[in-house]
file input15.cif (mmCIF, C-alpha atoms and all ligand atoms)
data_input
#
loop_
_atom_site.group_PDB
_atom_site.id
_atom_site.type_symbol
_atom_site.label_atom_id
_atom_site.label_comp_id
_atom_site.auth_asym_id
_atom_site.auth_seq_id
_atom_site.Cartn_x
_atom_site.Cartn_y
_atom_site.Cartn_z
ATOM 1 C CA MET A 1 -98.510 0.411 -73.828
ATOM 2 C CA SER A 2 -100.516 -0.587 -76.877
ATOM 3 C CA SER A 3 -104.082 0.489 -77.569
ATOM 4 C CA GLY A 4 -104.620 -2.393 -79.972
ATOM 5 C CA ASN A 5 -105.032 0.106 -82.835
ATOM 6 C CA LEU A 6 -101.940 0.746 -84.946
ATOM 7 C CA ALA A 7 -102.861 4.282 -85.992
ATOM 8 C CA ALA A 8 -103.668 5.257 -82.394
ATOM 9 C CA ASP A 9 -100.381 3.740 -81.209
ATOM 10 C CA ARG A 10 -98.450 5.791 -83.763
ATOM 11 C CA ARG A 11 -100.106 8.992 -82.591
ATOM 12 C CA PHE A 12 -99.465 8.048 -79.011
ATOM 13 C CA THR A 13 -95.757 7.473 -79.687
ATOM 14 C CA TYR A 14 -95.587 10.837 -81.411
ATOM 15 C CA ALA A 15 -97.341 12.446 -78.412
ATOM 16 C CA GLN A 16 -94.847 10.912 -75.986
ATOM 17 C CA GLY A 17 -92.066 12.495 -78.028
ATOM 18 C CA LEU A 18 -93.787 15.894 -77.818
ATOM 19 C CA ARG A 19 -94.059 15.518 -74.040
ATOM 20 C CA GLN A 20 -90.406 14.630 -73.739
ATOM 21 C CA GLU A 21 -89.532 17.676 -75.824
ATOM 22 C CA GLY A 22 -91.430 19.811 -73.311
ATOM 23 C CA ASP A 23 -94.672 20.485 -75.227
ATOM 24 C CA PRO A 24 -97.388 18.826 -73.110
ATOM 25 C CA ALA A 25 -100.184 20.931 -74.630
ATOM 26 C CA ALA A 26 -99.405 19.621 -78.121
ATOM 27 C CA ALA A 27 -98.981 16.109 -76.692
ATOM 28 C CA ALA A 28 -102.456 16.322 -75.124
ATOM 29 C CA GLU A 29 -103.963 17.264 -78.494
ATOM 30 C CA VAL A 30 -102.342 14.301 -80.231
ATOM 31 C CA ILE A 31 -103.370 11.881 -77.437
ATOM 32 C CA ALA A 32 -106.948 13.192 -77.742
ATOM 33 C CA GLN A 33 -106.802 12.362 -81.475
ATOM 34 C CA ALA A 34 -105.551 8.848 -80.651
ATOM 35 C CA LEU A 35 -108.426 8.445 -78.201
ATOM 36 C CA GLU A 36 -110.934 9.303 -80.922
ATOM 37 C CA LEU A 37 -109.785 6.033 -82.530
ATOM 38 C CA THR A 38 -109.752 4.041 -79.259
ATOM 39 C CA PRO A 39 -112.111 5.725 -76.767
ATOM 40 C CA GLY A 40 -112.091 2.737 -74.409
ATOM 41 C CA TRP A 41 -108.279 2.646 -73.909
ATOM 42 C CA PRO A 42 -107.661 3.306 -70.187
ATOM 43 C CA GLU A 43 -103.921 4.047 -70.438
ATOM 44 C CA GLY A 44 -104.611 6.600 -73.162
ATOM 45 C CA HIS A 45 -106.943 8.563 -70.874
ATOM 46 C CA PHE A 46 -104.359 8.365 -68.090
ATOM 47 C CA ALA A 47 -101.627 9.676 -70.397
ATOM 48 C CA LEU A 48 -104.004 12.433 -71.504
ATOM 49 C CA GLY A 49 -104.480 13.358 -67.830
ATOM 50 C CA GLU A 50 -100.708 13.559 -67.330
ATOM 51 C CA ALA A 51 -100.170 15.719 -70.409
ATOM 52 C CA LEU A 52 -103.040 18.051 -69.475
ATOM 53 C CA ALA A 53 -101.767 18.357 -65.892
ATOM 54 C CA ASP A 54 -98.288 19.211 -67.211
ATOM 55 C CA ALA A 55 -99.863 21.782 -69.519
ATOM 56 C CA GLY A 56 -101.547 23.423 -66.518
ATOM 57 C CA ARG A 57 -105.067 22.397 -67.613
ATOM 58 C CA ARG A 58 -106.075 21.102 -64.172
ATOM 59 C CA ASP A 59 -109.826 20.681 -64.723
ATOM 60 C CA ASP A 60 -109.361 18.838 -68.015
ATOM 61 C CA ALA A 61 -106.695 16.627 -66.399
ATOM 62 C CA ILE A 62 -109.148 15.758 -63.614
ATOM 63 C CA ASP A 63 -111.771 14.779 -66.216
ATOM 64 C CA ALA A 64 -109.237 12.576 -68.030
ATOM 65 C CA TYR A 65 -108.156 10.814 -64.822
ATOM 66 C CA ARG A 66 -111.812 10.235 -63.897
ATOM 67 C CA THR A 67 -112.510 8.737 -67.333
ATOM 68 C CA TYR A 68 -109.473 6.498 -66.830
ATOM 69 C CA LEU A 69 -110.788 5.346 -63.422
ATOM 70 C CA ALA A 70 -114.177 4.532 -64.926
ATOM 71 C CA LEU A 71 -112.345 2.186 -67.341
ATOM 72 C CA ASP A 72 -109.877 0.712 -64.792
ATOM 73 C CA ALA A 73 -111.454 0.598 -61.339
ATOM 74 C CA ALA A 74 -108.372 -1.217 -59.937
ATOM 75 C CA ASP A 75 -106.379 1.941 -60.762
ATOM 76 C CA SER A 76 -103.168 0.267 -61.875
ATOM 77 C CA MET A 77 -101.777 3.616 -63.097
ATOM 78 C CA GLY A 78 -102.310 5.527 -59.827
ATOM 79 C CA ALA A 79 -104.954 8.052 -60.915
ATOM 80 C CA GLY A 80 -106.441 8.187 -57.395
ATOM 81 C CA ALA A 81 -103.185 9.617 -56.054
ATOM 82 C CA ARG A 82 -102.983 12.137 -58.897
ATOM 83 C CA LEU A 83 -106.568 13.290 -58.322
ATOM 84 C CA HIS A 84 -105.726 13.855 -54.654
ATOM 85 C CA LEU A 85 -102.579 15.800 -55.538
ATOM 86 C CA LEU A 86 -104.677 17.955 -57.906
ATOM 87 C CA GLY A 87 -107.052 18.676 -55.012
ATOM 88 C CA ALA A 88 -109.921 16.726 -56.597
ATOM 89 C CA ALA A 89 -110.113 13.735 -54.226
ATOM 90 C CA GLU A 90 -109.777 12.971 -50.533
ATOM 91 C CA ARG A 91 -106.381 11.836 -49.312
ATOM 92 C CA PRO A 92 -106.253 8.079 -50.003
ATOM 93 C CA ARG A 93 -105.678 5.877 -46.944
ATOM 94 C CA THR A 94 -103.381 3.649 -48.997
ATOM 95 C CA LEU A 95 -102.216 3.285 -52.607
ATOM 96 C CA SER A 96 -104.000 0.794 -54.833
ATOM 97 C CA GLY A 97 -102.378 -2.656 -54.845
ATOM 98 C CA ALA A 98 -102.706 -2.796 -58.636
ATOM 99 C CA TYR A 99 -100.700 0.435 -58.904
ATOM 100 C CA VAL A 100 -97.919 -0.731 -56.557
ATOM 101 C CA ARG A 101 -97.696 -4.090 -58.367
ATOM 102 C CA ARG A 102 -97.417 -2.486 -61.779
ATOM 103 C CA LEU A 103 -94.908 0.098 -60.558
ATOM 104 C CA PHE A 104 -92.553 -2.528 -59.157
ATOM 105 C CA ASP A 105 -93.092 -5.043 -61.961
ATOM 106 C CA GLU A 106 -91.794 -2.345 -64.315
ATOM 107 C CA TYR A 107 -88.977 -1.338 -61.919
ATOM 108 C CA ALA A 108 -87.708 -4.797 -60.865
ATOM 109 C CA ASP A 109 -84.898 -5.200 -63.423
ATOM 110 C CA ARG A 110 -83.196 -1.922 -62.518
ATOM 111 C CA PHE A 111 -84.261 -1.774 -58.844
ATOM 112 C CA ASP A 112 -81.006 -2.754 -57.095
ATOM 113 C CA GLN A 113 -78.882 -0.538 -59.302
ATOM 114 C CA ALA A 114 -81.222 2.442 -58.965
ATOM 115 C CA LEU A 115 -81.717 2.189 -55.223
ATOM 116 C CA VAL A 116 -78.276 1.274 -54.032
ATOM 117 C CA GLY A 117 -76.379 3.281 -56.654
ATOM 118 C CA ARG A 118 -78.417 6.371 -57.502
ATOM 119 C CA LEU A 119 -80.625 6.757 -54.425
ATOM 120 C CA GLN A 120 -77.999 5.740 -51.825
ATOM 121 C CA TYR A 121 -80.528 3.343 -50.277
ATOM 122 C CA ARG A 122 -79.557 2.373 -46.733
ATOM 123 C CA ALA A 123 -82.715 0.948 -45.075
ATOM 124 C CA PRO A 124 -81.363 -2.662 -45.026
ATOM 125 C CA GLN A 125 -78.193 -1.622 -43.168
ATOM 126 C CA ILE A 126 -80.151 0.658 -40.811
ATOM 127 C CA LEU A 127 -82.573 -2.162 -39.951
ATOM 128 C CA ARG A 128 -79.743 -4.647 -39.515
ATOM 129 C CA ALA A 129 -77.889 -2.303 -37.139
ATOM 130 C CA ALA A 130 -81.080 -1.722 -35.114
ATOM 131 C CA LEU A 131 -81.514 -5.477 -34.586
ATOM 132 C CA GLY A 132 -77.962 -5.952 -33.293
ATOM 133 C CA GLU A 133 -76.681 -9.478 -32.795
ATOM 134 C CA ARG A 134 -79.937 -10.971 -31.517
ATOM 135 C CA THR A 135 -80.977 -14.024 -33.524
ATOM 136 C CA PHE A 136 -84.477 -14.989 -34.662
ATOM 137 C CA ASN A 137 -86.069 -18.382 -35.349
ATOM 138 C CA ARG A 138 -88.659 -17.200 -37.861
ATOM 139 C CA ALA A 139 -88.487 -13.874 -39.661
ATOM 140 C CA LEU A 140 -90.814 -12.417 -42.289
ATOM 141 C CA ASP A 141 -89.671 -9.681 -44.680
ATOM 142 C CA LEU A 142 -92.795 -7.704 -45.615
ATOM 143 C CA GLY A 143 -92.558 -6.121 -49.083
ATOM 144 C CA CYS A 144 -89.276 -7.980 -49.548
ATOM 145 C CA GLY A 145 -88.731 -6.646 -53.065
ATOM 146 C CA THR A 146 -85.566 -8.029 -54.644
ATOM 147 C CA GLY A 147 -84.252 -9.138 -51.243
ATOM 148 C CA LEU A 148 -82.001 -6.274 -50.136
ATOM 149 C CA VAL A 149 -83.322 -6.426 -46.538
ATOM 150 C CA GLY A 150 -83.250 -10.230 -46.658
ATOM 151 C CA GLU A 151 -79.554 -10.186 -47.559
ATOM 152 C CA ALA A 152 -78.821 -7.813 -44.673
ATOM 153 C CA ILE A 153 -80.604 -9.903 -42.000
ATOM 154 C CA ARG A 154 -80.077 -13.446 -43.339
ATOM 155 C CA ASP A 155 -77.247 -14.181 -40.883
ATOM 156 C CA ILE A 156 -79.432 -13.579 -37.811
ATOM 157 C CA CYS A 157 -82.499 -15.564 -38.998
ATOM 158 C CA THR A 158 -82.813 -19.353 -38.895
ATOM 159 C CA TRP A 159 -85.867 -19.288 -41.199
ATOM 160 C CA LEU A 160 -86.557 -16.296 -43.434
ATOM 161 C CA GLY A 161 -89.735 -15.718 -45.433
ATOM 162 C CA GLY A 162 -90.472 -12.929 -47.873
ATOM 163 C CA VAL A 163 -93.726 -11.568 -49.270
ATOM 164 C CA ASP A 164 -94.234 -9.003 -52.019
ATOM 165 C CA LEU A 165 -97.090 -7.824 -54.223
ATOM 166 C CA SER A 166 -94.982 -7.715 -57.362
ATOM 167 C CA PRO A 167 -94.248 -11.008 -59.175
ATOM 168 C CA ALA A 168 -91.188 -9.492 -60.899
ATOM 169 C CA MET A 169 -89.743 -8.427 -57.535
ATOM 170 C CA THR A 170 -90.255 -11.844 -55.905
ATOM 171 C CA GLN A 171 -88.723 -13.495 -58.997
ATOM 172 C CA ALA A 172 -85.652 -11.275 -58.593
ATOM 173 C CA ALA A 173 -85.511 -12.188 -54.889
ATOM 174 C CA ALA A 174 -85.809 -15.900 -55.753
ATOM 175 C CA ARG A 175 -82.762 -15.646 -58.058
ATOM 176 C CA LYS A 176 -80.675 -14.539 -55.062
ATOM 177 C CA ALA A 177 -81.671 -17.692 -53.115
ATOM 178 C CA ILE A 178 -81.765 -15.981 -49.718
ATOM 179 C CA TYR A 179 -85.285 -16.814 -48.597
ATOM 180 C CA ASP A 180 -86.616 -20.131 -47.271
ATOM 181 C CA HIS A 181 -90.083 -19.156 -48.481
ATOM 182 C CA LEU A 182 -91.294 -16.523 -50.949
ATOM 183 C CA GLU A 183 -94.843 -15.494 -51.643
ATOM 184 C CA THR A 184 -96.309 -13.104 -54.189
ATOM 185 C CA ALA A 185 -99.208 -11.534 -52.328
ATOM 186 C CA ASP A 186 -100.415 -8.466 -50.519
ATOM 187 C CA MET A 187 -98.759 -8.466 -47.116
ATOM 188 C CA LEU A 188 -102.104 -8.078 -45.315
ATOM 189 C CA ALA A 189 -103.406 -11.225 -47.030
ATOM 190 C CA ALA A 190 -100.152 -13.142 -46.432
ATOM 191 C CA LEU A 191 -100.189 -12.277 -42.725
ATOM 192 C CA LYS A 192 -103.549 -14.024 -42.376
ATOM 193 C CA THR A 193 -102.106 -17.397 -43.348
ATOM 194 C CA ILE A 194 -98.494 -17.301 -42.173
ATOM 195 C CA ASP A 195 -97.361 -18.975 -38.926
ATOM 196 C CA ALA A 196 -96.296 -16.632 -36.130
ATOM 197 C CA CYS A 197 -92.785 -15.155 -36.356
ATOM 198 C CA ASP A 198 -90.397 -13.599 -33.867
ATOM 199 C CA LEU A 199 -89.274 -10.947 -36.356
ATOM 200 C CA MET A 200 -91.209 -8.919 -38.928
ATOM 201 C CA VAL A 201 -89.349 -6.328 -40.987
ATOM 202 C CA ALA A 202 -90.518 -3.795 -43.584
ATOM 203 C CA GLY A 203 -87.843 -1.723 -45.305
ATOM 204 C CA ASP A 204 -89.249 1.213 -47.294
ATOM 205 C CA VAL A 205 -92.605 -0.534 -47.740
ATOM 206 C CA LEU A 206 -94.978 1.296 -45.415
ATOM 207 C CA VAL A 207 -94.418 4.410 -47.549
ATOM 208 C CA TYR A 208 -97.103 2.852 -49.779
ATOM 209 C CA CYS A 209 -99.569 2.666 -46.856
ATOM 210 C CA GLY A 210 -100.932 5.908 -45.448
ATOM 211 C CA ASP A 211 -103.061 4.567 -42.609
ATOM 212 C CA LEU A 212 -100.741 2.276 -40.628
ATOM 213 C CA ALA A 213 -103.439 0.724 -38.406
ATOM 214 C CA PRO A 214 -104.325 -2.195 -40.750
ATOM 215 C CA ILE A 215 -100.737 -3.403 -41.135
ATOM 216 C CA PHE A 216 -99.842 -2.825 -37.461
ATOM 217 C CA THR A 217 -102.934 -4.815 -36.414
ATOM 218 C CA ALA A 218 -102.130 -7.661 -38.802
ATOM 219 C CA VAL A 219 -98.490 -7.848 -37.658
ATOM 220 C CA ARG A 220 -99.532 -7.710 -33.990
ATOM 221 C CA GLU A 221 -101.640 -10.848 -34.574
ATOM 222 C CA LYS A 222 -98.660 -12.818 -35.924
ATOM 223 C CA VAL A 223 -95.635 -11.550 -34.044
ATOM 224 C CA LEU A 224 -94.681 -13.693 -31.070
ATOM 225 C CA ALA A 225 -94.795 -12.209 -27.557
ATOM 226 C CA THR A 226 -90.983 -12.018 -27.463
ATOM 227 C CA GLY A 227 -90.719 -10.789 -31.062
ATOM 228 C CA LEU A 228 -89.960 -7.501 -32.803
ATOM 229 C CA PHE A 229 -91.432 -5.485 -35.661
ATOM 230 C CA ALA A 230 -88.826 -3.237 -37.309
ATOM 231 C CA PHE A 231 -89.483 -0.865 -40.205
ATOM 232 C CA THR A 232 -88.458 2.352 -41.918
ATOM 233 C CA LEU A 233 -90.673 5.230 -43.040
ATOM 234 C CA GLN A 234 -90.433 8.616 -44.650
ATOM 235 C CA ARG A 235 -90.930 11.374 -42.042
ATOM 236 C CA ASN A 236 -93.040 14.511 -42.055
ATOM 237 C CA ASP A 237 -93.402 16.929 -39.158
ATOM 238 C CA THR A 238 -96.893 18.254 -39.813
ATOM 239 C CA GLU A 239 -99.621 15.661 -40.351
ATOM 240 C CA ASP A 240 -100.359 12.048 -39.411
ATOM 241 C CA PHE A 241 -99.653 10.986 -42.984
ATOM 242 C CA VAL A 242 -99.214 12.902 -46.206
ATOM 243 C CA LEU A 243 -99.092 11.682 -49.807
ATOM 244 C CA GLY A 244 -96.162 13.431 -51.487
ATOM 245 C CA PRO A 245 -95.701 14.364 -55.153
ATOM 246 C CA GLU A 246 -93.495 11.304 -55.632
ATOM 247 C CA HIS A 247 -96.554 9.162 -54.687
ATOM 248 C CA ARG A 248 -95.125 7.932 -51.406
ATOM 249 C CA PHE A 249 -96.570 8.591 -47.976
ATOM 250 C CA SER A 250 -94.631 10.240 -45.176
ATOM 251 C CA HIS A 251 -95.679 9.833 -41.530
ATOM 252 C CA SER A 252 -95.197 11.891 -38.395
ATOM 253 C CA LEU A 253 -93.358 10.414 -35.428
ATOM 254 C CA ALA A 254 -96.294 11.249 -33.108
ATOM 255 C CA TYR A 255 -98.692 9.366 -35.396
ATOM 256 C CA VAL A 256 -96.502 6.258 -35.533
ATOM 257 C CA VAL A 257 -96.198 6.217 -31.729
ATOM 258 C CA ARG A 258 -99.963 6.667 -31.296
ATOM 259 C CA VAL A 259 -100.987 3.962 -33.785
ATOM 260 C CA ALA A 260 -98.371 1.581 -32.375
ATOM 261 C CA ALA A 261 -99.854 1.962 -28.879
ATOM 262 C CA ASP A 262 -103.438 1.663 -30.187
ATOM 263 C CA CYS A 263 -102.536 -1.564 -32.011
ATOM 264 C CA GLY A 264 -100.906 -3.213 -28.999
ATOM 265 C CA PHE A 265 -97.202 -2.395 -29.364
ATOM 266 C CA ILE A 266 -94.523 -0.904 -27.135
ATOM 267 C CA VAL A 267 -92.109 1.395 -28.955
ATOM 268 C CA GLN A 268 -88.620 0.074 -28.268
ATOM 269 C CA LYS A 269 -86.949 2.550 -30.569
ATOM 270 C CA ILE A 270 -87.999 5.344 -32.891
ATOM 271 C CA GLN A 271 -85.479 7.743 -34.328
ATOM 272 C CA ASN A 272 -84.649 9.841 -37.345
ATOM 273 C CA ALA A 273 -82.888 7.906 -40.089
ATOM 274 C CA VAL A 274 -82.008 8.858 -43.643
ATOM 275 C CA CYS A 275 -82.740 5.754 -45.719
ATOM 276 C CA ARG A 276 -82.402 7.230 -49.221
ATOM 277 C CA GLN A 277 -81.879 10.286 -51.331
ATOM 278 C CA GLU A 278 -84.129 11.900 -53.922
ATOM 279 C CA LYS A 279 -82.419 13.985 -56.629
ATOM 280 C CA GLY A 280 -79.206 13.952 -54.596
ATOM 281 C CA VAL A 281 -80.841 15.240 -51.393
ATOM 282 C CA ASP A 282 -81.304 13.217 -48.180
ATOM 283 C CA VAL A 283 -84.950 12.269 -47.559
ATOM 284 C CA PRO A 284 -85.944 12.582 -43.863
ATOM 285 C CA GLY A 285 -86.940 9.187 -42.531
ATOM 286 C CA LEU A 286 -87.722 7.206 -39.417
ATOM 287 C CA LEU A 287 -86.528 3.899 -38.067
ATOM 288 C CA ALA A 288 -88.853 2.154 -35.605
ATOM 289 C CA VAL A 289 -88.609 -1.050 -33.602
ATOM 290 C CA LEU A 290 -91.771 -2.210 -31.824
ATOM 291 C CA SER A 291 -92.464 -5.131 -29.516
ATOM 292 C CA PRO A 292 -95.894 -6.501 -28.595
ATOM 293 C CA LYS A 293 -97.469 -5.332 -25.343
ATOM 294 C CA PRO A 294 -98.140 -8.305 -23.106
ATOM 295 C CA LYS A 295 -101.737 -9.439 -23.706
ATOM 296 C CA SER A 296 -102.597 -8.878 -20.012
ATOM 297 C CA THR A 297 -101.991 -5.105 -20.427
ATOM 298 C CA LEU A 298 -104.113 -4.728 -23.581
HETATM 299 C C1 LIG B 301 -89.129 0.336 -52.219
HETATM 300 S S1 LIG B 301 -89.393 -1.370 -52.349
HETATM 301 C C2 LIG B 301 -88.444 -2.012 -50.972
HETATM 302 C C3 LIG B 301 -88.105 -3.465 -51.129
HETATM 303 C C4 LIG B 301 -87.300 -4.080 -50.007
HETATM 304 N N1 LIG B 301 -88.026 -4.057 -48.772
HETATM 305 C C5 LIG B 301 -85.965 -3.372 -49.858
HETATM 306 O O1 LIG B 301 -85.744 -2.776 -48.812
HETATM 307 O O2 LIG B 301 -85.194 -3.403 -50.812
HETATM 308 C C6 LIG B 301 -91.060 -1.582 -51.772
HETATM 309 C C7 LIG B 301 -91.596 -2.972 -52.011
HETATM 310 O O3 LIG B 301 -92.789 -3.121 -51.246
HETATM 311 C C8 LIG B 301 -93.707 -3.864 -52.010
HETATM 312 N N2 LIG B 301 -95.060 -3.576 -51.479
HETATM 313 C C9 LIG B 301 -95.659 -2.373 -51.365
HETATM 314 N N3 LIG B 301 -96.885 -2.510 -50.820
HETATM 315 C C10 LIG B 301 -97.043 -3.849 -50.564
HETATM 316 C C11 LIG B 301 -98.098 -4.626 -50.019
HETATM 317 N N4 LIG B 301 -99.244 -4.059 -49.612
HETATM 318 N N5 LIG B 301 -97.930 -5.958 -49.905
HETATM 319 C C12 LIG B 301 -96.776 -6.544 -50.327
HETATM 320 N N6 LIG B 301 -95.745 -5.858 -50.875
HETATM 321 C C13 LIG B 301 -95.874 -4.522 -50.996
HETATM 322 C C14 LIG B 301 -93.481 -3.407 -53.430
HETATM 323 O O4 LIG B 301 -93.987 -4.326 -54.377
HETATM 324 C C15 LIG B 301 -91.963 -3.264 -53.459
HETATM 325 O O5 LIG B 301 -91.335 -4.444 -53.879
#

call {"tool": "encode", "arguments": {"input": "input15.cif", "output": "structure tokens", "more": "lines below"}}
Ligand SMILES: C[S@@+](CC[C@H](N)C(=O)[O-])C[C@H]1O[C@@H](n2cnc3c(N)ncnc32)[C@H](O)[C@@H]1O
result
Amino acid sequence: MSSGNLAADRRFTYAQGLRQEGDPAAAAEVIAQALELTPGWPEGHFALGEALADAGRRDDAIDAYRTYLALDAADSMGAGARLHLLGAAERPRTLSGAYVRRLFDEYADRFDQALVGRLQYRAPQILRAALGERTFNRALDLGCGTGLVGEAIRDICTWLGGVDLSPAMTQAAARKAIYDHLETADMLAALKTIDACDLMVAGDVLVYCGDLAPIFTAVREKVLATGLFAFTLQRNDTEDFVLGPEHRFSHSLAYVVRVAADCGFIVQKIQNAVCRQEKGVDVPGLLAVLSPKPKSTL
């Protein structure tokens, strides 16, 4: 992250060191000095918000995040989520696309190692097991990332497409040469143009969408009458959807069942499934397999 001003960058680097050493209050002071040199630097205001929040200065952190948002309306750093978690904004219905893209562009190179090794990621195997030995003519992997789900389902799909918001993730998927078609786009946009498929999968992707109605509606439009929509989620047992401190949404089983029915699906399967760990602890999750309700019953 460069501000474009050498002196401000030096102060910022120093401030990052102070934060890492556990002195966020001092870091905030130094970032504020850097911002005197570059007041229009969005990332600087975001970093100031983080340091102030860590230092327990909630109101000042809120001001810093709001200044950041005024400079970067697309919110590529995820300030909207932080404002919500500080109690200063309504629960977002989804995370900003710019934030998700940036997050995964930065993560792409170490994604497979981090997920499979450190986080014990199992969503691809769980989805594959749920689909059994049925084969599919056209399958679309929504939020395909580096292709871990694609690898797991390749043998049961004649044609396999993948779509992901992050260019670095789709480039990593392309290097594995598993997909017949790859697209860098928001999945809602991609679903508007893609031909109908008999399988849609989303492994650990809908955790970035709070409100599931838009994606369920878009999939329902493009999944064939005999097709399936299979996905994993993080589970909570209290509210429809909750944004957690790790900036991922969790959903309740009752909510998923209700939205699925409202959007024209029959729930074939919904069950608890642990898809990953966080700091060595299993994260409660859900596996769901939906099929479209016949149009005559809608
Ligand atoms: C945790 S990764 C999972 C990747 C892959 N499905 C897997 O199981 O390994 C989530 C992926 O979803 C993508 N993603 C999140 N929201 C998206 C959206 N609205 N449209 C397209 N891709 C999205 C991210 O860019 C990221 O690559």

call {"tool": "residues_near_point", "arguments": {"input": "input15.cif", "point": "(-102.8, 14.6, -54.7)", "cutoff": "12 Å", "atoms": "all atoms listed in the file", "output": "list of chain:residue names"}}
result
A:Ala53, A:Arg58, A:Ile62, A:Gly78, A:Ala79, A:Gly80, A:Ala81, A:Arg82, A:Leu83, A:His84, A:Leu85, A:Leu86, A:Gly87, A:Ala88, A:Ala89, A:Glu90, A:Arg91, A:Pro92, A:Leu95, A:Val242, A:Leu243, A:Gly244, A:Pro245, A:Glu246, A:His247, A:Arg248, A:Phe249

call {"tool": "resolve_selection", "arguments": {"input": "input15.cif", "expression": "the PyMOL selection byres (((chain A and resi 133) around 12) and not hetatm)", "output": "ChimeraX atom specification"}}
result
/A:127-132,134-136,153-157

call {"tool": "residues_around", "arguments": {"input": "input15.cif", "residues": "stretch 66-69 of chain A", "least_positions_apart": "4", "cutoff": "9 Å", "atoms": "all atoms listed in the file", "output": "ChimeraX atom specification"}}
result
/A:40-46,49,61-62,73-75,79-80,83

call {"tool": "residues_around", "arguments": {"input": "input15.cif", "residues": "A:Ala172", "least_positions_apart": "6", "cutoff": "8 Å", "atoms": "all atoms listed in the file", "output": "list of chain:residue names"}}
result
A:Ala108, A:Asp109, A:Gly145, A:Thr146, A:Gly147

call {"tool": "residues_near_ligand", "arguments": {"input": "input15.cif", "ligand": "ligand LIG 301 (chain B)", "cutoff": "7 Å", "atoms": "all atoms listed in the file", "output": "list in words"}}
result
Gly97, Val100, Arg101, Phe104, Ala123, Pro124, Leu142, Gly143, Cys144, Gly145, Thr146, Gly147, Leu148, Val149, Val163, Asp164, Leu165, Ser166, Met169, Ala185, Asp186, Met187, Leu188, Ala202, Gly203, Asp204, Val205, Leu206 and Tyr208 of chain A

call {"tool": "atom_distance", "arguments": {"input": "input15.cif", "atom1": "atom CA of A:Arg110", "atom2": "atom CA of A:Gln171"}}
result
13.3 Å

call {"tool": "atom_distance", "arguments": {"input": "input15.cif", "atom1": "atom CA of A:Val30", "atom2": "atom CA of A:Ala7"}}
result
11.6 Å

call {"tool": "closest_residue", "arguments": {"input": "input15.cif", "among": "A:Gly280, A:Gly22, A:Gly161, A:Pro294", "to": "A:Ile266", "atoms": "only C-alpha atoms"}}
result
A:Pro294

call {"tool": "axis_aligned_box", "arguments": {"input": "input15.cif", "around": "stretch 270-275 of chain A", "padding_each_side": "6 Å", "output": "AutoDock Vina command-line options"}}
result
--center_x -85.0 --center_y 7.6 --center_z -39.3 --size_x 18.0 --size_y 16.5 --size_z 24.8
